[in-house]
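**Q** One structure follows; several queries about it will come next.
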Amino acid sequence: MSRPPKMHEHLPFSLNLALQNIADENKPDIQSIFAKPFVKWVGGKRSVLPQLLERMPKKYLSYNEPFVGGGALFFAVQPLKAYISDINFPLILAYQAVRDDVDRLIVNLKVHERLHNKTYFQTARERLSKEKDPIKIAALFIYLNKTCFNGLYRVNRAGFFNVPMGDYKDPALFDEDILRKDSELLKGVTIKQHEFFQLPIVKENFYYLDPPYHKTYDGYNGNGFDDNEHKKLASFCKEIDESKAFFMLSNSDTSFVRSLYSTFHIETIEASRSVSCKAHQRGKESEVIVRNYK
Ligand SMILES: C[S@@+](CC[C@H](N)C(=O)[O-])C[C@H]1O[C@@H](n2cnc3c(N)ncnc32)[C@H](O)[C@@H]1O
């Protein structure tokens, strides 16, 4: 007779310990012991991790994140069993490269680090959409992420990465120890490039959903994320609920978002935003956390 699947206990370690795992790209050398995000990501959840961690379900089977981006919550939780996905193709290749061939990825990153200058950056932008080798695409992607303006990812209609170079003196591309820890953590993880609604829904699994926010920055892919996408996402969450699985969703606090999730548990938190390049548009903003459990 087969055994029932093992449930995750609520947080595998204390909140404090989890918080030490949060990446801080400004202090890579004193925090090189834990697996942490290896890309900077717009809308990354680092600033609200305590609020998210304390709202995770007490027990669940497997961790699922279909808008994984930089994976702030994923790396803080360090789940033993997980499925992460995103629509962003080179981002997903980067996760797969860290998992499957971290040595060759590091060799490629070292070359970019050595050759980095304005001309090299421009050539790398062009190479990103032409390169065929997945490890080389992953390395180009991480290089561009760490050297472009604010770590933005934006492509034009033709799919060409068009973010200008950032104004950094000696930008750090990677931390070898962290990448190796990330590689170990990712070994047991399913990593796929697809739309959020292609993620299988399984009873008693946990789903963390962090889509491009309603009425804010939605230029992560060529198509944006409009009201119809938000409606589709709300239906997906309803399906998760009907399948007796758990979901937690982050979004901006707008009346449209509240109306989409009115039958679920909605809480408001304060989060810092840094998408805008205009200083007066940065700062604290309300966002909601929606859950189908308490
Ligand atoms: C707010 S970011 C997620 C940030 C992430 N939680 C973190 O901590 O870095 C939203 C992500 O959704 C992805 N995305 C946009 N449209 C999508 C879609 N239709 N299906 C799946 N992922 C999508 C973007 O590529 C982006 O990585």
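Identifiers for the structure tokens are assigned positionally: chains receive A, B, ... in sequence, residues are indexed from 1 per chain, and ligands are indexed from 1 in the order shown.
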Mind checking DSSP for region 9-188 of chain A and telling me the strand (DSSP E or B) residues as an MDAnalysis selection string?
**A** chainID A and resid 60 63:65 82:86 148 155 161 165
**Q** What do you get as a short mmCIF file (atom, residue, chain, number, x, y, z; two decimals) with C-alpha atoms, in the first residue's frame if you pick all residues at most 6 Å from ligand 1, counting only C-alpha atoms and all ligand atoms?
**A**
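Generated file (pocket.cif):
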```
data_model
loop_
_atom_site.label_atom_id
_atom_site.label_comp_id
_atom_site.auth_asym_id
_atom_site.auth_seq_id
_atom_site.Cartn_x
_atom_site.Cartn_y
_atom_site.Cartn_z
CA TRP A 41 13.35 41.86 -10.28
CA GLY A 43 8.03 44.08 -8.20
CA GLY A 44 10.22 41.68 -6.22
CA LYS A 45 8.70 40.84 -2.86
CA PRO A 66 3.48 30.74 -11.56
CA PHE A 67 4.78 34.37 -11.67
CA VAL A 68 8.11 33.54 -10.08
CA GLY A 69 10.21 36.54 -11.31
CA GLY A 70 13.18 36.86 -8.92
CA GLY A 71 11.54 34.35 -6.56
CA ALA A 72 11.88 36.33 -3.29
CA ASP A 86 6.99 32.37 -15.53
CA ILE A 87 6.15 33.59 -19.02
CA ASN A 88 9.65 35.07 -19.37
CA GLU A 195 1.35 31.11 -18.93
CA PHE A 196 0.12 31.14 -15.32
CA ASP A 210 2.28 37.68 -7.71
CA PRO A 211 1.11 38.97 -11.12
CA PRO A 212 2.02 42.28 -12.76
CA TYR A 220 7.29 42.42 -18.21
CA PHE A 225 -1.29 42.20 -18.33
#
```
**Q** Name all residues at most 6 Å from region 166-174 of chain A (count only C-alpha atoms; drop same-chain ones fewer than 6 positions away) and give them as a PyMOL selection string.
**A** chain A and resi 143+146-149
